Structures are given as structure tokens and as C-alpha cells.
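J.: So that you have it, the file is entry.csv, and it contains CSV, C-alpha atoms:
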chain,number,residue,atom,x,y,z
A,10,MET,CA,-4.6,83.3,39.0
A,11,ASN,CA,-1.0,82.6,38.2
A,12,ALA,CA,0.5,80.9,35.1
A,13,PRO,CA,0.2,77.2,36.0
A,14,THR,CA,-3.4,77.7,37.1
A,15,VAL,CA,-4.3,79.4,33.8
A,16,ILE,CA,-2.5,76.7,31.8
A,17,PHE,CA,-4.3,74.0,33.9
A,18,TYR,CA,-7.8,75.4,33.1
A,19,ILE,CA,-7.0,75.8,29.4
A,20,LEU,CA,-5.8,72.2,29.3
A,21,ALA,CA,-8.8,71.0,31.2
A,22,ALA,CA,-11.2,72.8,28.8
A,23,CYS,CA,-9.3,71.2,25.9
A,24,ILE,CA,-9.4,67.7,27.4
A,25,LEU,CA,-13.1,67.8,28.2
A,26,ALA,CA,-14.2,69.5,24.9
A,27,PHE,CA,-12.2,67.2,22.7
A,28,GLY,CA,-13.3,64.2,24.7
A,29,LEU,CA,-16.9,65.2,24.3
A,30,LEU,CA,-16.4,65.7,20.6
A,31,ALA,CA,-14.7,62.3,20.3
A,32,VAL,CA,-17.8,60.5,21.7
A,33,THR,CA,-20.5,62.6,19.9
A,34,VAL,CA,-19.2,63.4,16.4
A,35,ARG,CA,-20.6,61.1,13.7
A,36,LYS,CA,-17.6,60.9,11.4
A,37,ILE,CA,-15.5,58.1,12.8
A,38,PHE,CA,-12.2,59.4,11.5
A,39,ARG,CA,-12.8,62.8,13.1
A,40,ALA,CA,-13.7,61.1,16.4
A,41,ALA,CA,-10.3,59.4,16.3
A,42,VAL,CA,-8.5,62.7,15.7
A,43,PHE,CA,-10.5,64.4,18.5
A,44,LEU,CA,-9.5,61.5,20.8
A,45,LEU,CA,-5.9,62.2,19.8
A,46,PHE,CA,-6.1,65.9,20.9
A,47,SER,CA,-7.7,64.9,24.2
A,48,LEU,CA,-4.9,62.4,24.9
A,49,ILE,CA,-2.3,65.1,24.0
A,50,GLY,CA,-4.1,67.3,26.5
A,51,VAL,CA,-3.8,64.6,29.2
A,52,ALA,CA,-0.1,64.3,28.4
A,53,GLY,CA,0.2,68.1,28.8
A,54,LEU,CA,-1.4,67.8,32.2
A,55,TYR,CA,1.2,65.3,33.3
A,56,PHE,CA,4.0,67.7,32.1
A,57,LEU,CA,2.3,70.4,34.1
A,58,LEU,CA,2.3,68.2,37.2
A,59,ASP,CA,6.1,67.6,36.8
A,60,TYR,CA,5.7,64.0,35.8
A,61,GLU,CA,7.7,64.3,32.6
A,62,PHE,CA,8.3,60.5,32.3
A,63,ILE,CA,4.6,59.7,32.5
A,64,GLY,CA,3.8,62.4,30.0
A,65,ALA,CA,6.4,61.0,27.6
A,66,VAL,CA,5.0,57.5,28.0
A,67,GLN,CA,1.5,58.8,27.4
A,68,ILE,CA,2.6,60.4,24.2
A,69,ILE,CA,4.6,57.4,23.0
A,70,VAL,CA,2.1,54.7,23.9
A,71,TYR,CA,-1.3,56.4,23.4
A,72,VAL,CA,-0.7,59.0,20.7
A,73,GLY,CA,2.0,57.1,18.9
A,74,GLY,CA,0.6,53.6,19.4
A,75,ILE,CA,-3.1,53.2,20.3
A,76,VAL,CA,-4.5,56.1,18.2
A,77,VAL,CA,-2.5,55.0,15.2
A,78,LEU,CA,-3.8,51.5,15.7
A,79,LEU,CA,-7.3,52.8,15.9
A,80,ILE,CA,-6.9,54.9,12.7
A,81,PHE,CA,-5.4,51.8,10.9
A,82,SER,CA,-8.4,49.7,11.9
A,83,ILE,CA,-10.8,52.5,10.8
A,84,PHE,CA,-9.2,52.5,7.4
A,85,LEU,CA,-9.4,48.7,7.3
A,86,THR,CA,-13.0,48.6,8.1
A,87,HIS,CA,-14.6,51.9,6.9
A,88,GLY,CA,-12.4,53.1,4.1
A,89,SER,CA,-11.8,56.8,4.7
A,90,GLY,CA,-15.0,56.8,6.8
A,91,GLY,CA,-18.5,57.9,6.1
A,92,GLN,CA,-21.1,59.1,8.6
A,93,MET,CA,-22.2,56.7,11.3
A,94,LYS,CA,-25.8,56.1,12.0
A,95,LYS,CA,-27.5,58.4,14.5
A,96,PRO,CA,-27.7,56.8,17.9
A,97,ARG,CA,-31.2,56.0,19.0
A,98,PRO,CA,-32.8,58.9,21.0
A,99,ARG,CA,-33.7,56.7,23.9
A,100,ARG,CA,-30.1,55.7,24.2
A,101,VAL,CA,-28.9,59.3,24.1
A,102,VAL,CA,-31.3,60.3,26.8
A,103,PHE,CA,-30.4,57.5,29.1
A,104,GLY,CA,-26.7,57.9,28.4
A,105,ALA,CA,-26.8,61.6,29.1
A,106,LEU,CA,-28.9,61.0,32.2
A,107,ALA,CA,-26.4,58.4,33.6
A,108,GLY,CA,-23.5,60.7,32.8
A,109,THR,CA,-24.8,63.9,34.3
A,110,LEU,CA,-26.3,62.2,37.4
A,111,GLY,CA,-23.1,60.2,38.0
A,112,ALA,CA,-20.9,63.2,37.4
A,113,SER,CA,-22.9,65.5,39.7
A,114,LEU,CA,-23.0,62.8,42.5
A,115,THR,CA,-19.3,62.2,42.3
A,116,MET,CA,-18.5,65.9,42.1
A,117,SER,CA,-20.6,66.6,45.2
A,118,PHE,CA,-18.7,63.9,47.1
A,119,ILE,CA,-15.3,65.3,45.9
A,120,ASN,CA,-16.5,68.8,46.9
A,121,ASN,CA,-17.3,67.7,50.5
A,122,GLN,CA,-14.2,65.6,50.9
A,123,GLN,CA,-11.3,67.0,52.9
A,124,PHE,CA,-8.0,65.7,51.7
A,125,SER,CA,-5.0,65.8,54.1
A,126,ALA,CA,-1.5,65.6,52.6
A,127,ASN,CA,1.4,64.2,54.6
A,128,ASP,CA,4.4,66.3,55.2
A,129,LYS,CA,7.1,63.9,54.2
A,130,PRO,CA,9.7,65.2,51.7
A,131,ALA,CA,8.7,64.8,48.1
A,132,VAL,CA,10.4,62.4,45.7
A,133,ALA,CA,11.2,63.7,42.3
A,134,ALA,CA,9.7,61.3,39.7
A,135,THR,CA,12.7,61.2,37.4
A,136,ALA,CA,13.2,58.4,34.9
A,137,GLY,CA,16.2,57.1,37.0
A,138,GLU,CA,14.1,57.0,40.2
A,139,ILE,CA,11.2,55.3,38.5
A,140,GLY,CA,13.5,52.8,36.7
A,141,GLY,CA,15.4,52.0,39.9
A,142,GLN,CA,12.2,51.3,41.9
A,143,MET,CA,10.6,49.5,39.0
A,144,LEU,CA,13.4,46.9,38.8
A,145,SER,CA,14.2,46.7,42.5
A,146,VAL,CA,13.6,43.4,44.4
A,147,THR,CA,13.4,45.0,47.8
A,148,GLU,CA,10.2,45.7,49.7
A,149,HIS,CA,8.9,48.6,47.6
A,150,GLY,CA,10.1,47.3,44.3
A,151,TYR,CA,7.8,46.5,41.4
A,152,ILE,CA,9.8,43.8,39.7
A,153,LEU,CA,7.1,41.1,40.0
A,154,PRO,CA,4.3,43.2,38.3
A,155,PHE,CA,6.8,44.3,35.7
A,156,GLU,CA,7.5,40.6,34.8
A,157,VAL,CA,3.8,39.8,34.9
A,158,VAL,CA,3.0,42.7,32.6
A,159,SER,CA,5.8,41.5,30.2
A,160,PHE,CA,4.1,38.1,30.0
A,161,LEU,CA,0.8,39.8,29.5
A,162,LEU,CA,2.2,41.7,26.5
A,163,LEU,CA,3.7,38.6,25.1
A,164,ALA,CA,0.4,36.7,25.5
A,165,SER,CA,-1.6,39.5,23.9
A,166,MET,CA,0.8,39.8,21.0
A,167,ILE,CA,0.4,36.1,20.3
A,168,GLY,CA,-3.3,36.3,20.8
A,169,CYS,CA,-3.6,39.2,18.3
A,170,ILE,CA,-1.7,37.3,15.7
A,171,VAL,CA,-3.8,34.1,16.2
A,172,ILE,CA,-7.1,36.0,16.2
A,173,ALA,CA,-6.4,38.3,13.2
A,174,VAL,CA,-4.4,36.1,11.0
A,175,LYS,CA,-6.1,35.3,7.6
A,176,ILE,CA,-6.5,31.6,7.2
A,177,LYS,CA,-6.0,30.5,3.6
A,178,LEU,CA,-9.0,28.6,2.3
A,179,PRO,CA,-8.4,25.1,0.9
A,180,ALA,CA,-7.8,24.8,-2.9
A,181,GLN,CA,-11.3,23.5,-3.8
A,182,GLN,CA,-13.0,26.4,-2.1
A,183,MET,CA,-10.5,28.8,-3.7
A,184,LEU,CA,-11.9,27.9,-7.1
A,185,THR,CA,-15.4,29.0,-6.2
A,186,ALA,CA,-14.5,31.9,-4.0
A,187,ASP,CA,-11.5,33.4,-5.7
A,188,THR,CA,-12.6,37.0,-5.7
A,189,ASP,CA,-14.3,37.2,-2.4
A,190,ASP,CA,-12.8,35.1,0.4
A,191,VAL,CA,-15.3,36.2,3.0
A,192,PRO,CA,-17.2,33.2,4.5
A,193,THR,CA,-20.9,33.6,4.1
A,194,ARG,CA,-23.0,33.7,7.2
B,26,MET,CA,1.3,73.3,40.5
B,27,GLN,CA,0.7,73.1,44.2
B,28,ASN,CA,-1.7,76.1,44.0
B,29,ILE,CA,-4.0,74.3,41.6
B,30,GLY,CA,-5.1,72.0,44.3
B,31,LEU,CA,-6.4,68.5,44.1
B,32,THR,CA,-10.1,69.2,43.8
B,33,PRO,CA,-10.1,70.8,40.3
B,34,ILE,CA,-8.0,67.9,38.9
B,35,LEU,CA,-10.5,65.4,40.4
B,36,PHE,CA,-13.3,67.3,38.8
B,37,LEU,CA,-11.5,67.1,35.5
B,38,SER,CA,-11.0,63.3,35.8
B,39,CYS,CA,-14.6,62.9,36.9
B,40,GLY,CA,-15.9,64.8,33.9
B,41,LEU,CA,-13.7,62.8,31.5
B,42,PHE,CA,-14.8,59.5,33.1
B,43,PHE,CA,-18.5,60.3,32.6
B,44,ILE,CA,-17.9,61.5,29.1
B,45,GLY,CA,-16.4,58.1,28.5
B,46,ILE,CA,-19.4,56.4,30.1
B,47,TYR,CA,-21.8,58.5,27.9
B,48,GLY,CA,-19.9,57.5,24.8
B,49,PHE,CA,-19.8,53.8,25.8
B,50,LEU,CA,-23.6,53.8,26.4
B,51,THR,CA,-24.6,55.7,23.2
B,52,ARG,CA,-22.1,54.5,20.6
B,53,ARG,CA,-22.9,51.3,18.7
B,54,ASN,CA,-19.7,51.1,16.6
B,55,MET,CA,-17.1,49.0,18.2
B,56,ILE,CA,-14.1,51.2,17.4
B,57,THR,CA,-15.8,54.2,18.9
B,58,MET,CA,-16.7,52.2,22.0
B,59,LEU,CA,-13.0,51.4,22.3
B,60,MET,CA,-12.3,55.1,22.1
B,61,ALA,CA,-14.7,55.7,25.0
B,62,ILE,CA,-12.9,53.0,27.0
B,63,GLU,CA,-9.6,54.8,26.4
B,64,LEU,CA,-11.1,58.0,27.8
B,65,ILE,CA,-12.2,56.2,30.9
B,66,LEU,CA,-8.8,54.7,31.4
B,67,ASN,CA,-7.2,58.1,31.0
B,68,SER,CA,-9.4,59.6,33.6
B,69,VAL,CA,-8.3,56.9,36.0
B,70,ASN,CA,-4.6,57.7,35.2
B,71,ILE,CA,-5.2,61.3,35.9
B,72,ASN,CA,-6.6,60.4,39.3
B,73,PHE,CA,-3.6,58.2,40.2
B,74,VAL,CA,-1.1,60.9,39.2
B,75,ALA,CA,-3.0,63.6,41.0
B,76,PHE,CA,-3.3,61.6,44.3
B,77,ASN,CA,0.4,60.7,44.1
B,78,LYS,CA,1.3,64.3,43.5
B,79,PHE,CA,-0.8,66.0,46.1
B,80,LEU,CA,-1.2,63.5,48.9
B,81,PHE,CA,1.7,61.0,48.7
B,82,ALA,CA,4.5,63.0,47.2
B,83,ASP,CA,7.0,60.9,49.2
B,84,LYS,CA,6.1,57.7,47.2
B,85,LEU,CA,5.9,56.8,43.6
B,86,ASP,CA,3.2,54.2,43.7
B,87,GLY,CA,0.7,56.2,41.7
B,88,VAL,CA,3.3,56.6,39.0
B,89,PHE,CA,3.7,52.8,38.8
B,90,PHE,CA,0.0,52.2,38.7
B,91,THR,CA,-0.3,54.7,35.9
B,92,LEU,CA,2.5,53.0,33.9
B,93,PHE,CA,0.9,49.6,34.3
B,94,VAL,CA,-2.6,50.9,33.4
B,95,ILE,CA,-1.1,52.4,30.2
B,96,THR,CA,0.6,49.1,29.4
B,97,ILE,CA,-2.5,47.0,29.9
B,98,ALA,CA,-4.6,49.6,27.9
B,99,ALA,CA,-2.2,49.1,25.0
B,100,ALA,CA,-2.6,45.3,25.2
B,101,GLU,CA,-6.3,45.6,25.5
B,102,ALA,CA,-6.6,47.9,22.5
B,103,ALA,CA,-4.5,45.6,20.4
B,104,VAL,CA,-6.6,42.5,21.3
B,105,ALA,CA,-9.8,44.4,20.8
B,106,ILE,CA,-8.8,45.6,17.4
B,107,ALA,CA,-7.8,42.1,16.3
B,108,ILE,CA,-11.2,40.8,17.4
B,109,ILE,CA,-12.9,43.7,15.6
B,110,ILE,CA,-11.0,43.0,12.3
B,111,ASN,CA,-11.9,39.3,12.6
B,112,LEU,CA,-15.5,40.2,13.2
B,113,TYR,CA,-15.5,42.6,10.2
B,114,ARG,CA,-14.3,39.7,8.0
B,115,SER,CA,-17.3,37.6,8.8
B,116,TYR,CA,-20.1,40.2,9.2
B,117,ARG,CA,-18.9,43.1,7.0
B,118,SER,CA,-19.9,45.4,9.8
B,119,ILE,CA,-18.5,46.4,13.2
B,120,ASP,CA,-21.8,47.5,14.7
B,121,VAL,CA,-22.6,45.6,17.9
B,122,ASP,CA,-26.2,45.4,16.9
B,123,ASP,CA,-25.3,43.4,13.8
B,124,ALA,CA,-23.2,40.7,15.6
B,125,ASP,CA,-26.1,39.0,17.4
B,126,THR,CA,-25.5,35.3,16.4
B,127,MET,CA,-24.8,34.3,20.1
B,128,LYS,CA,-27.6,36.4,21.4
B,129,PHE,CA,-30.2,34.4,23.3
What do you get writing this file as C-alpha cells?
T.:
Amino acid sequence: MNAPTVIFYILAACILAFGLLAVTVRKIFRAAVFLLFSLIGVAGLYFLLDYEFIGAVQIIVYVGGIVVLLIFSIFLTHGSGGQMKKPRPRRVVFGALAGTLGASLTMSFINNQQFSANDKPAVAATAGEIGGQMLSVTEHGYILPFEVVSFLLLASMIGCIVIAVKIKLPAQQMLTADTDDVPTR
Amino acid sequence: MQNIGLTPILFLSCGLFFIGIYGFLTRRNMITMLMAIELILNSVNINFVAFNKFLFADKLDGVFFTLFVITIAAAEAAVAIAIIINLYRSYRSIDVDDADTMKF
């Protein structure tokens, strides 16, 4: 047991424990905070594996973006958040059964699998290397997916605005529904 | 790093994936279901990075797949939250059991 191995097992325990808390705890705001810790643990794993760029992207996008977005939407829909309903026991039983059976099956496959690494020299995943290959137009470049993803982001941004924008009610309806602008079912 | 080996990391990502599956099957609140999906996507990312590190260290393909998965996860979360907020306006609830107008 040397230092990276010990750090790996601590990180793995943190990731799994906080992940499990994030899907079981009944206060929704706490679930978001536990998810945050789990994602930070995953970023730590990337740093441990020497992929600093991916770890930085993980922290910026997930921790700084997605979790903040989730917390915003929790505050918009729950206030500061009460307790959620208990899940139905039948669902918990079947969910736990599916999870444990699937996990044990997959883990037994992984355990029996022999992985063979190739002996070619390793490429350091520096930001420069990643950026150069990302924007290269040669055979192993990723410029086409890069452009497609940029269009996807633009489309999702416009889509979000269109879906979530609040449409002003016409004036005659405003007279009757001036305090509560929620359409009735 | 090299002495951790690939198998423990695959065990970790497998555990995280099925934690996400469990959360997705048991939770009925849409935001917490979204959190479970984020856990699943993260386990996939760990797999990509681990395979790239231990089996194909001469290439960077796993890194690029991880970057694209993170990007698409961000877009997916943004669209899902827009839908959730729109749904909350008309139903005053984000429970999937309450939104059953289109249920046959």
C-alpha cells in the first residue's frame, strides 16, 4: 500500500458514500450538496490519474455549473426545501434488487476479464496536447464533433430560453389573475 | 497510479453507475432523478478515463469522449431544468406522479 493507492481508496469511499447519500437522503437540498461532494471526489480521481485538464473541466462544469443550476432550481421550486415523500417500499425493494444484482453481475464480469495494455509510449494529456488534437483537421482530429457540440450547445441554449420564458398574459386576463399568474389545470 | 490497476477503478465506476440506477428507479422527484442521471454519466466518464489511462495511454480518445460527455451532460441538465420549471408553473409540483395528463 503506497500513497496513491491509499488516496484512491479514500476517494472511492467518499465518491460511493456521498453518491449513495445523494440518492437516498430525503431533504432535497442536502441531496444536492452530497452530489456536489461526490462530483468533487470524481474530480480528485481525475487529478490522481494525472488528467489535470479533465479534473479542472469537471470542477468548472459540474461543480460550478450543473450543481449550482440544480440548487437554483431547488430554490425556485421548493423554497429552502422540506422533506420529500418516502419512496414506496415496493419501489425501494425493486430498485435495490436491480442495483445489487446488476452490480454483482457486472463486477463478476470485470473480475474475470483479463485486460492487456499495449506497450506504446504514453502521451501526456496536457491542455496543449488536448487542444491541438481537438482542433486538428487531420485523421485523428476532433474538429467535426467539436463543431457539432458547439451547435448543440447553441440549440440547447435557445431551447431553454423558449421553454422557460414566462409568457405575459393578455390584458383582459391580467385583470382577473393579477396576483396569481399560474394557469389553472 | 499505475499500481492501483484498472480493476478497482472499474469496480468504483460500476458501483457509482448502479447507485445512479437505484436513485433513478426509487426517486419520484424530477430534480433528484436528474441528480441520479448525473451520477450515471460520471461513472461513464470514469470508465473512459480509466481505459484511456491503463490500456491506450498512447492515444487521447478517452479524454475527448469524456469532454464531450461532460458538455452534453451540461446541455441536458440545462434543458431538463427548463422543462422542470415550466412544469412547476402549471402543476405546482415536480413529482413525476403528479404530471399524468398525457398518461394513457
J.: Within 6 Å of chain A, which residues of chain B are there when counting all atoms listed in the file? Please give them as a ChimeraX atom specification.
T.: /B:29,43,47-48,50-51,80,82-83,104,107,111
J.: Mind checking which residues fall within 7 Å of Ile65 (chain B), counting all atoms listed in the file, ignoring those fewer than 6 positions away in the same chain, and posting them as an NGL selection string?
T.: :B and (41-42 or 45)
J.: For Thr96 (chain B), which of A:Arg39, A:Lys177, A:Gly53, A:Val157 is the closest residue, counting all atoms listed in the file?
T.: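 Once distances to Thr96 (chain B) are computed over all atoms listed in the file, the minimum belongs to A:Val157.
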J.: So the first atom is CA of Ser145 (chain A) and the second is CA of Phe73 (chain B); what is the distance between them in Å, to one decimal place?
T.: 21.3 Å
J.: Expressed in Å to a single decimal, how great is the separation between CA of Ala99 (chain B) and CA of Asn70 (chain B)?
T.: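 If I compute the distance from CA of Ala99 (chain B) to CA of Asn70 (chain B), I get 13.6 Å.
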J.: One decimal, Å: what's the distance from CA of Phe56 (chain A) over to CA of Cys39 (chain B), could you say?
T.: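 Straight-line distance from CA of Phe56 (chain A) to CA of Cys39 (chain B) works out to 19.8 Å.
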J.: My list of candidates is B:Gly30, B:Ala98, B:Ala105, B:Thr126. Which is closest to Leu64 (chain B) when distances are computed with all atoms listed in the file?
T.: B:Ala98
J.: Rank nothing, just name the residue among B:Met58, B:Ala75, B:Ile44, B:Phe49 nearest to Leu31 (chain B), using all atoms listed in the file.
T.: B:Ala75
J.: Nearest residue to Val74 (chain B) out of A:Val34, A:Ile49, A:Gly141, A:Glu61, using all atoms listed in the file?
T.: A:Glu61
J.: Please return region 36-72 of chain B, rebuilt to N, CA and C atoms, as a CSV table (one decimal), keeping the file's coordinate frame.
T.:
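Listing of part.csv after writing:
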chain,number,residue,atom,x,y,z
B,36,PHE,N,-12.2,67.0,39.6
B,36,PHE,CA,-13.3,67.3,38.8
B,36,PHE,C,-13.1,67.0,37.3
B,37,LEU,N,-11.9,67.4,36.9
B,37,LEU,CA,-11.5,67.1,35.5
B,37,LEU,C,-11.6,65.6,35.2
B,38,SER,N,-11.0,64.8,36.0
B,38,SER,CA,-11.0,63.3,35.8
B,38,SER,C,-12.4,62.8,35.9
B,39,CYS,N,-13.2,63.3,36.8
B,39,CYS,CA,-14.6,62.9,36.9
B,39,CYS,C,-15.4,63.2,35.6
B,40,GLY,N,-15.2,64.4,35.1
B,40,GLY,CA,-15.9,64.8,33.9
B,40,GLY,C,-15.5,63.9,32.7
B,41,LEU,N,-14.2,63.6,32.6
B,41,LEU,CA,-13.7,62.8,31.5
B,41,LEU,C,-14.2,61.4,31.7
B,42,PHE,N,-14.3,60.8,32.9
B,42,PHE,CA,-14.8,59.5,33.1
B,42,PHE,C,-16.2,59.4,32.6
B,43,PHE,N,-17.1,60.4,33.0
B,43,PHE,CA,-18.5,60.3,32.6
B,43,PHE,C,-18.7,60.6,31.2
B,44,ILE,N,-17.8,61.4,30.5
B,44,ILE,CA,-17.9,61.5,29.1
B,44,ILE,C,-17.7,60.2,28.4
B,45,GLY,N,-16.7,59.4,29.0
B,45,GLY,CA,-16.4,58.1,28.5
B,45,GLY,C,-17.6,57.1,28.7
B,46,ILE,N,-18.3,57.3,29.9
B,46,ILE,CA,-19.4,56.4,30.1
B,46,ILE,C,-20.6,56.7,29.1
B,47,TYR,N,-20.8,58.0,28.9
B,47,TYR,CA,-21.8,58.5,27.9
B,47,TYR,C,-21.5,57.9,26.5
B,48,GLY,N,-20.2,58.0,26.1
B,48,GLY,CA,-19.9,57.5,24.8
B,48,GLY,C,-20.1,56.0,24.7
B,49,PHE,N,-19.7,55.3,25.8
B,49,PHE,CA,-19.8,53.8,25.8
B,49,PHE,C,-21.3,53.4,25.8
B,50,LEU,N,-22.2,54.2,26.4
B,50,LEU,CA,-23.6,53.8,26.4
B,50,LEU,C,-24.3,54.2,25.1
B,51,THR,N,-23.9,55.2,24.4
B,51,THR,CA,-24.6,55.7,23.2
B,51,THR,C,-24.0,55.1,21.9
B,52,ARG,N,-22.7,54.9,21.8
B,52,ARG,CA,-22.1,54.5,20.6
B,52,ARG,C,-22.5,53.0,20.3
B,53,ARG,N,-22.7,52.7,19.1
B,53,ARG,CA,-22.9,51.3,18.7
B,53,ARG,C,-21.8,50.7,17.8
B,54,ASN,N,-20.8,51.6,17.5
B,54,ASN,CA,-19.7,51.1,16.6
B,54,ASN,C,-18.6,50.7,17.5
B,55,MET,N,-18.0,49.5,17.3
B,55,MET,CA,-17.1,49.0,18.2
B,55,MET,C,-15.8,49.8,18.4
B,56,ILE,N,-15.3,50.4,17.3
B,56,ILE,CA,-14.1,51.2,17.4
B,56,ILE,C,-14.4,52.4,18.3
B,57,THR,N,-15.5,53.1,18.1
B,57,THR,CA,-15.8,54.2,18.9
B,57,THR,C,-16.1,53.9,20.4
B,58,MET,N,-16.6,52.6,20.6
B,58,MET,CA,-16.7,52.2,22.0
B,58,MET,C,-15.4,52.0,22.6
B,59,LEU,N,-14.4,51.5,21.8
B,59,LEU,CA,-13.0,51.4,22.3
B,59,LEU,C,-12.4,52.7,22.7
B,60,MET,N,-12.8,53.7,21.8
B,60,MET,CA,-12.3,55.1,22.1
B,60,MET,C,-12.8,55.6,23.5
B,61,ALA,N,-14.1,55.3,23.7
B,61,ALA,CA,-14.7,55.7,25.0
B,61,ALA,C,-14.0,55.0,26.2
B,62,ILE,N,-13.6,53.7,26.0
B,62,ILE,CA,-12.9,53.0,27.0
B,62,ILE,C,-11.5,53.7,27.3
B,63,GLU,N,-10.9,54.1,26.2
B,63,GLU,CA,-9.6,54.8,26.4
B,63,GLU,C,-9.8,56.1,27.2
B,64,LEU,N,-10.9,56.8,27.0
B,64,LEU,CA,-11.1,58.0,27.8
B,64,LEU,C,-11.3,57.7,29.2
B,65,ILE,N,-12.0,56.6,29.5
B,65,ILE,CA,-12.2,56.2,30.9
B,65,ILE,C,-10.9,55.8,31.6
B,66,LEU,N,-10.1,55.1,30.9
B,66,LEU,CA,-8.8,54.7,31.4
B,66,LEU,C,-7.9,55.9,31.7
B,67,ASN,N,-8.0,56.9,30.8
B,67,ASN,CA,-7.2,58.1,31.0
B,67,ASN,C,-7.6,58.9,32.2
B,68,SER,N,-8.9,58.9,32.4
B,68,SER,CA,-9.4,59.6,33.6
B,68,SER,C,-8.9,58.9,34.9
B,69,VAL,N,-8.8,57.6,34.9
B,69,VAL,CA,-8.3,56.9,36.0
B,69,VAL,C,-6.8,57.2,36.2
B,70,ASN,N,-6.1,57.3,35.1
B,70,ASN,CA,-4.6,57.7,35.2
B,70,ASN,C,-4.4,59.0,35.8
B,71,ILE,N,-5.3,60.0,35.4
B,71,ILE,CA,-5.2,61.3,35.9
B,71,ILE,C,-5.4,61.3,37.4
B,72,ASN,N,-6.4,60.5,37.9
B,72,ASN,CA,-6.6,60.4,39.3
B,72,ASN,C,-5.4,59.8,40.1
